[in-house]
Amino acid sequence: EFCSSLAGIMLLEVVLVLGTVIIYFFLTKKKEETLHFSDGWWGKGQKPVTEENTTIWPFKVETTEEELSDLFRRLDQARFTEPLENSCFHYGTNSVYLKKVVSYWKNQFNWKKQVEVLNKYPQFKTKIQGIDIHFVHVKPPRLPEGRSAKPLLMVHGWPGSFYEFYKIIPLLTDPASHGLSDEHVFEVICPSIPGYGFSEAPHKKDFNSVSAASVFYELMLRLGFNEFYTQGGDWGWLICTNLAQIAPNHVKGLHLNLASVTNVGFTHLLSILLGRYLPGLFGFQDEDVRRMFPFLQKGLYRILLESGYAHIQATKPDTVGCGLNDSPVGLAAYILEKFSTWTDLEFRDLEDGGLERKFNLDDLLTNIMIYWVSGCIVSSMRFYKENLQNGIGTQKHERIAVQVPTGIASFPNEVMHTPQAWAQKKYTNIVSFNFMPRGGHFAALEEPELLAEDILQFVGKVEKEQLWRKK
């Protein structure tokens, strides 16, 4: 009898332990599914005890004559270094071409006209978590009978700005006028990331992508949008991904033109070694193989060659930022290099960096001027330190899967290619993954029609099958 009661007690203990493990597993699993909303305070000094003013006020880009004369004085006094013979863009921005850009900037570029372009879409500001957030908000000029506009949050990255979206906005808010299907029409909201453009920079340390996602979530709720779509590339990819992790019941769909996976497992490493020879085993398509291999050359070496800026910005952004904030020519050289190489790596072989093959100088200089007149280059670079200072793979958001319906537009000239087989581990509900026929990193500015079409077909799939409702 003693033995049987002992066996009973032991069995009960085993059941309790197993039960505890199972409950713990489910509880922790449940907790890991969403990311905590970050309710920070990024204003100067102590957080006030009074409630935050939630007013939204109109904003226009304005610059003074003093600012412009100061800029021209600095451009006149620029000091150039002669480039190495035949170095093209392999050493960075080529100063022979840079001189041409500066000459255009001084003699032909019409900033006042570009200010009118910037102000053609309604812009606003509102204070969230202690800092002023700037955003563009464009409603459709007309709506088909019985239709309502779908809110779409579009987030830029570095060294871009809200201006990157100016060519795609009309394609999304008025698709019919641009030869696209008007089955889905959007109301577009493009905020400036805090510390970029006309959004106030955080005054405290640790403002990262989760903080930015929380601020933009508050912005969308403040604008009255309980359900909305999000779209992003570069930092916009991470901010929108975090937003989908924070509010999966509010984000109807997540569209990305860059999808990077930071949590690399054993199968990733194995696919790097063997994927070229056994693509089917790892779910690789022919196009994946073409873009990824040989991996040393198209993966590792490429990252090492092109990520020096990120290492500086993730460690000591303020040091190099001092020079860029003081010199418009230095700022232009630093930013233009990215618009060359990230658009097409082969542009490094050209003396002008191929910059005017896909963009015009007015657009490139407008983006640079947004950084110059707002004086935001240092705060924009700090975002790298805030996101990367603890090391890749250490953040909670990197371990959490994204369950929101996801669409990925994979552009061929993106510096690093992420195959769907890799993305699927992070984004568990990919409803659309398309290899784009051309284009690079700055897709919205470079290939607005291609990107708009991909967004439209993705939203069409989500709406038709009501995918965001299926929990």
# chains A, B, ... in the order shown; residues from 1 in each chain; ligands from 1

$ select_by_dssp --residues "region 136-248 of chain A" --states "helix (DSSP H, G or I)" --output "PyMOL selection string"
chain A and resi 162-165+169-173+175-178+209-222+235-246

$ select_by_dssp --residues "region 250-455 of chain A" --states "strand (DSSP E or B)" --output "number ranges by chain"
A: 251-256, 402, 406-410, 427, 430-435

$ residues_around --residues "Pro279 (chain A)" --least-positions-apart "6" --cutoff "10 Å" --atoms "only C-alpha atoms" --output "NGL selection string"
:A and (271 or 285-286 or 288-289)

$ write_last_selection --atoms "C-alpha atoms" --output "PDB file, in the first residue's frame"
ATOM      1  CA  SER A 271      21.527  26.700 -47.181  1.00  0.00           C
ATOM      2  CA  GLN A 285      14.077  29.293 -56.637  1.00  0.00           C
ATOM      3  CA  ASP A 286      16.378  29.795 -59.644  1.00  0.00           C
ATOM      4  CA  ASP A 288      17.325  33.145 -55.473  1.00  0.00           C
ATOM      5  CA  VAL A 289      20.366  31.159 -56.593  1.00  0.00           C
TER       6      VAL A 289
END

$ closest_atom_pairs --of "region 269-317 of chain A" --to "region 334-339 of chain A" --cutoff "12 Å" --atoms "only C-alpha atoms" --output "JSON lines"
{"residue": "A:Glu306", "atom": "CA", "partner": "A:Lys338", "partner_atom": "CA", "distance": 9.2}
{"residue": "A:Ser307", "atom": "CA", "partner": "A:Lys338", "partner_atom": "CA", "distance": 10.7}
{"residue": "A:Gly308", "atom": "CA", "partner": "A:Lys338", "partner_atom": "CA", "distance": 11.7}
{"residue": "A:Tyr309", "atom": "CA", "partner": "A:Tyr334", "partner_atom": "CA", "distance": 9.2}
{"residue": "A:Ala310", "atom": "CA", "partner": "A:Lys338", "partner_atom": "CA", "distance": 11.6}

$ write_last_selection --atoms "C-alpha atoms" --output "PDB file, in the first residue's frame"
ATOM      1  CA  GLU A 306      29.168  48.304 -48.316  1.00  0.00           C
ATOM      2  CA  SER A 307      28.590  48.431 -44.548  1.00  0.00           C
ATOM      3  CA  GLY A 308      31.409  50.673 -43.313  1.00  0.00           C
ATOM      4  CA  TYR A 309      28.955  53.554 -42.848  1.00  0.00           C
ATOM      5  CA  ALA A 310      26.731  51.342 -40.654  1.00  0.00           C
TER       6      ALA A 310
END

$ closest_atom_pairs --of "region 165-258 of chain A" --to "region 132-150 of chain A" --cutoff "7 Å" --atoms "only C-alpha atoms" --output "CSV"
residue,atom,partner,partner_atom,distance
A:Thr173,CA,A:Pro140,CA,4.5
A:Asp174,CA,A:Pro140,CA,5.9
A:Val185,CA,A:Ala149,CA,5.2
A:Phe186,CA,A:Lys150,CA,4.6
A:Glu187,CA,A:Lys139,CA,4.6
A:Val188,CA,A:Val138,CA,5.2
A:Ile189,CA,A:His137,CA,4.6
A:Cys190,CA,A:Val136,CA,5.0
A:Pro191,CA,A:Phe135,CA,3.8
A:Ser192,CA,A:His134,CA,5.6
A:Pro194,CA,A:Ile133,CA,6.6
A:Phe198,CA,A:His134,CA,5.6
A:Ser199,CA,A:Ile133,CA,4.6
A:Glu200,CA,A:Asp132,CA,5.2
A:Phe228,CA,A:Lys150,CA,6.8

$ write_last_selection --atoms "all heavy atoms" --output "CSV table (one decimal), in the first residue's frame"
chain,number,residue,atom,x,y,z
A,173,THR,N,-3.3,57.1,-54.3
A,173,THR,CA,-4.5,57.9,-53.9
A,173,THR,C,-5.4,58.1,-55.1
A,173,THR,O,-6.6,58.4,-54.9
A,173,THR,CB,-4.1,59.2,-53.4
A,173,THR,OG1,-3.3,59.9,-54.3
A,173,THR,CG2,-3.3,59.1,-52.1
A,174,ASP,N,-4.9,58.0,-56.3
A,174,ASP,CA,-5.7,58.2,-57.5
A,174,ASP,C,-5.2,57.2,-58.6
A,174,ASP,O,-4.8,57.6,-59.7
A,174,ASP,CB,-5.5,59.6,-58.0
A,174,ASP,CG,-6.5,60.0,-59.1
A,174,ASP,OD1,-7.4,59.2,-59.3
A,174,ASP,OD2,-6.3,61.1,-59.7
A,185,VAL,N,-8.3,52.0,-53.3
A,185,VAL,CA,-7.8,53.4,-53.3
A,185,VAL,C,-7.3,53.7,-51.9
A,185,VAL,O,-7.9,53.4,-50.9
A,185,VAL,CB,-8.9,54.4,-53.7
A,185,VAL,CG1,-8.3,55.8,-53.7
A,185,VAL,CG2,-9.4,54.0,-55.1
A,186,PHE,N,-6.2,54.4,-51.8
A,186,PHE,CA,-5.5,54.6,-50.5
A,186,PHE,C,-5.6,56.1,-50.0
A,186,PHE,O,-5.5,57.0,-50.8
A,186,PHE,CB,-4.1,54.1,-50.5
A,186,PHE,CG,-4.0,52.6,-50.7
A,186,PHE,CD1,-3.8,52.2,-52.0
A,186,PHE,CD2,-4.1,51.7,-49.7
A,186,PHE,CE1,-3.7,50.8,-52.2
A,186,PHE,CE2,-4.0,50.4,-49.9
A,186,PHE,CZ,-3.8,49.9,-51.2
A,187,GLU,N,-5.6,56.2,-48.7
A,187,GLU,CA,-5.3,57.5,-48.0
A,187,GLU,C,-3.9,57.3,-47.4
A,187,GLU,O,-3.7,56.4,-46.6
A,187,GLU,CB,-6.4,57.6,-46.9
A,187,GLU,CG,-6.3,58.9,-46.1
A,187,GLU,CD,-7.5,59.1,-45.3
A,187,GLU,OE1,-8.6,58.5,-45.6
A,187,GLU,OE2,-7.4,59.9,-44.3
A,188,VAL,N,-2.9,58.1,-47.9
A,188,VAL,CA,-1.5,57.8,-47.5
A,188,VAL,C,-1.0,58.7,-46.4
A,188,VAL,O,-1.2,59.9,-46.5
A,188,VAL,CB,-0.7,57.9,-48.8
A,188,VAL,CG1,0.8,57.6,-48.5
A,188,VAL,CG2,-1.1,56.9,-49.9
A,189,ILE,N,-0.4,58.1,-45.5
A,189,ILE,CA,0.3,58.8,-44.4
A,189,ILE,C,1.8,58.5,-44.4
A,189,ILE,O,2.1,57.4,-44.2
A,189,ILE,CB,-0.4,58.4,-43.0
A,189,ILE,CG1,-1.9,58.8,-43.0
A,189,ILE,CG2,0.3,59.2,-41.8
A,189,ILE,CD1,-2.7,57.6,-43.4
A,190,CYS,N,2.6,59.5,-44.6
A,190,CYS,CA,4.1,59.3,-44.6
A,190,CYS,C,4.7,60.2,-43.5
A,190,CYS,O,4.9,61.4,-43.7
A,190,CYS,CB,4.7,59.8,-46.0
A,190,CYS,SG,4.0,59.0,-47.4
A,191,PRO,N,5.0,59.6,-42.4
A,191,PRO,CA,5.7,60.4,-41.3
A,191,PRO,C,7.2,60.4,-41.5
A,191,PRO,O,7.8,59.6,-42.2
A,191,PRO,CB,5.3,59.6,-40.1
A,191,PRO,CG,5.1,58.2,-40.5
A,191,PRO,CD,4.8,58.2,-42.0
A,192,SER,N,7.8,61.4,-41.0
A,192,SER,CA,9.3,61.5,-40.9
A,192,SER,C,9.6,60.7,-39.6
A,192,SER,O,9.1,61.0,-38.5
A,192,SER,CB,9.8,62.9,-40.8
A,192,SER,OG,9.5,63.6,-42.0
A,194,PRO,N,11.3,60.1,-36.2
A,194,PRO,CA,11.9,61.1,-35.3
A,194,PRO,C,13.4,61.1,-35.4
A,194,PRO,O,14.1,60.1,-35.5
A,194,PRO,CB,11.5,60.5,-33.9
A,194,PRO,CG,10.2,59.8,-34.2
A,194,PRO,CD,10.3,59.2,-35.5
A,198,PHE,N,11.6,66.7,-40.7
A,198,PHE,CA,11.0,67.7,-39.9
A,198,PHE,C,10.3,67.1,-38.6
A,198,PHE,O,9.6,67.8,-38.0
A,198,PHE,CB,10.0,68.5,-40.8
A,198,PHE,CG,10.7,69.1,-42.0
A,198,PHE,CD1,10.4,68.7,-43.3
A,198,PHE,CD2,11.6,70.1,-41.8
A,198,PHE,CE1,11.1,69.3,-44.4
A,198,PHE,CE2,12.3,70.7,-42.9
A,198,PHE,CZ,12.0,70.3,-44.2
A,199,SER,N,10.6,65.9,-38.3
A,199,SER,CA,10.2,65.3,-37.0
A,199,SER,C,11.3,65.7,-36.0
A,199,SER,O,12.5,65.5,-36.3
A,199,SER,CB,10.0,63.8,-37.1
A,199,SER,OG,8.8,63.5,-37.6
A,200,GLU,N,10.9,66.1,-34.8
A,200,GLU,CA,11.9,66.4,-33.8
A,200,GLU,C,12.7,65.2,-33.4
A,200,GLU,O,12.2,64.1,-33.4
A,200,GLU,CB,11.1,66.9,-32.6
A,200,GLU,CG,12.0,67.5,-31.5
A,200,GLU,CD,11.1,68.0,-30.3
A,200,GLU,OE1,9.9,68.1,-30.4
A,200,GLU,OE2,11.7,68.3,-29.2
A,228,PHE,N,-5.3,49.5,-40.5
A,228,PHE,CA,-4.6,50.1,-41.6
A,228,PHE,C,-3.5,49.2,-42.1
A,228,PHE,O,-3.2,48.2,-41.5
A,228,PHE,CB,-3.9,51.4,-41.1
A,228,PHE,CG,-3.1,51.3,-39.8
A,228,PHE,CD1,-1.7,51.0,-39.9
A,228,PHE,CD2,-3.6,51.4,-38.6
A,228,PHE,CE1,-1.0,50.8,-38.8
A,228,PHE,CE2,-2.9,51.3,-37.4
A,228,PHE,CZ,-1.5,50.9,-37.5

$ residues_around --residues "Phe282 (chain A)" --least-positions-apart "5" --cutoff "9 Å" --atoms "only C-alpha atoms" --output "number ranges by chain"
A: 267-268, 270-271, 274-275, 421

$ write_last_selection --atoms "N, CA, C and O atoms" --output "CSV table (one decimal), in the first residue's frame"
chain,number,residue,atom,x,y,z
A,267,THR,N,19.8,26.0,-40.3
A,267,THR,CA,19.3,25.8,-41.7
A,267,THR,C,19.8,26.9,-42.6
A,267,THR,O,20.0,26.7,-43.8
A,268,HIS,N,19.8,28.1,-42.1
A,268,HIS,CA,20.3,29.3,-42.9
A,268,HIS,C,21.7,29.0,-43.4
A,268,HIS,O,22.1,29.2,-44.5
A,270,LEU,N,23.3,26.2,-43.4
A,270,LEU,CA,23.4,25.1,-44.3
A,270,LEU,C,23.0,25.4,-45.7
A,270,LEU,O,23.7,25.0,-46.7
A,271,SER,N,22.0,26.3,-45.8
A,271,SER,CA,21.5,26.7,-47.2
A,271,SER,C,22.5,27.6,-47.9
A,271,SER,O,22.6,27.6,-49.1
A,274,LEU,N,25.1,24.8,-49.1
A,274,LEU,CA,24.7,23.8,-50.1
A,274,LEU,C,23.6,24.3,-51.0
A,274,LEU,O,23.2,23.6,-52.0
A,275,GLY,N,23.0,25.5,-50.7
A,275,GLY,CA,21.8,26.0,-51.5
A,275,GLY,C,22.1,26.1,-53.0
A,275,GLY,O,21.2,25.9,-53.8
A,421,ALA,N,12.2,31.6,-48.7
A,421,ALA,CA,12.4,30.5,-47.7
A,421,ALA,C,13.0,31.0,-46.4
A,421,ALA,O,12.7,30.4,-45.3

$ residues_around --residues "Asn242 (chain A)" --least-positions-apart "2" --cutoff "8 Å" --atoms "only C-alpha atoms" --output "PyMOL selection string"
chain A and resi 35+209-210+213+238-240+244-246+397

$ residues_around --residues "Gln457 (chain A)" --least-positions-apart "6" --cutoff "10 Å" --atoms "only C-alpha atoms" --output "PyMOL selection string"
chain A and resi 181+183-184+407+432+463

$ closest_residue --among "A:Phe359, A:Phe266, A:Trp111, A:Trp41" --to "Leu68 (chain A)" --atoms "only C-alpha atoms"
A:Trp111

$ atom_distance --atom1 "CA of Ser87 (chain A)" --atom2 "CA of Lys298 (chain A)"
21.3 Å

$ closest_residue --among "A:Glu386, A:Asp234, A:Asp182, A:Glu33" --to "Val415 (chain A)" --atoms "only C-alpha atoms"
A:Asp234

$ closest_residue --among "A:Ser374, A:Asn226, A:Thr93, A:Asn208" --to "Phe80 (chain A)" --atoms "only C-alpha atoms"
A:Thr93

$ residues_around --residues "His250 (chain A)" --least-positions-apart "2" --cutoff "6 Å" --atoms "only C-alpha atoms" --output "VMD selection string"
chain A and resid 226 to 227 247 to 248

$ closest_residue --among "A:Arg382, A:Lys358, A:Arg291, A:His417" --to "Trp158 (chain A)" --atoms "only C-alpha atoms"
A:Arg382

$ atom_distance --atom1 "CA of Ser38 (chain A)" --atom2 "CA of Val378 (chain A)"
23.3 Å

$ atom_distance --atom1 "CA of Ile193 (chain A)" --atom2 "CA of Arg399 (chain A)"
23.6 Å

$ closest_residue --among "A:Tyr91, A:Phe37, A:Tyr196, A:Phe442" --to "Glu218 (chain A)" --atoms "only C-alpha atoms"
A:Phe37

$ closest_residue --among "A:Leu388, A:Ile370, A:Leu256, A:Val115" --to "Phe411 (chain A)" --atoms "only C-alpha atoms"
A:Leu256
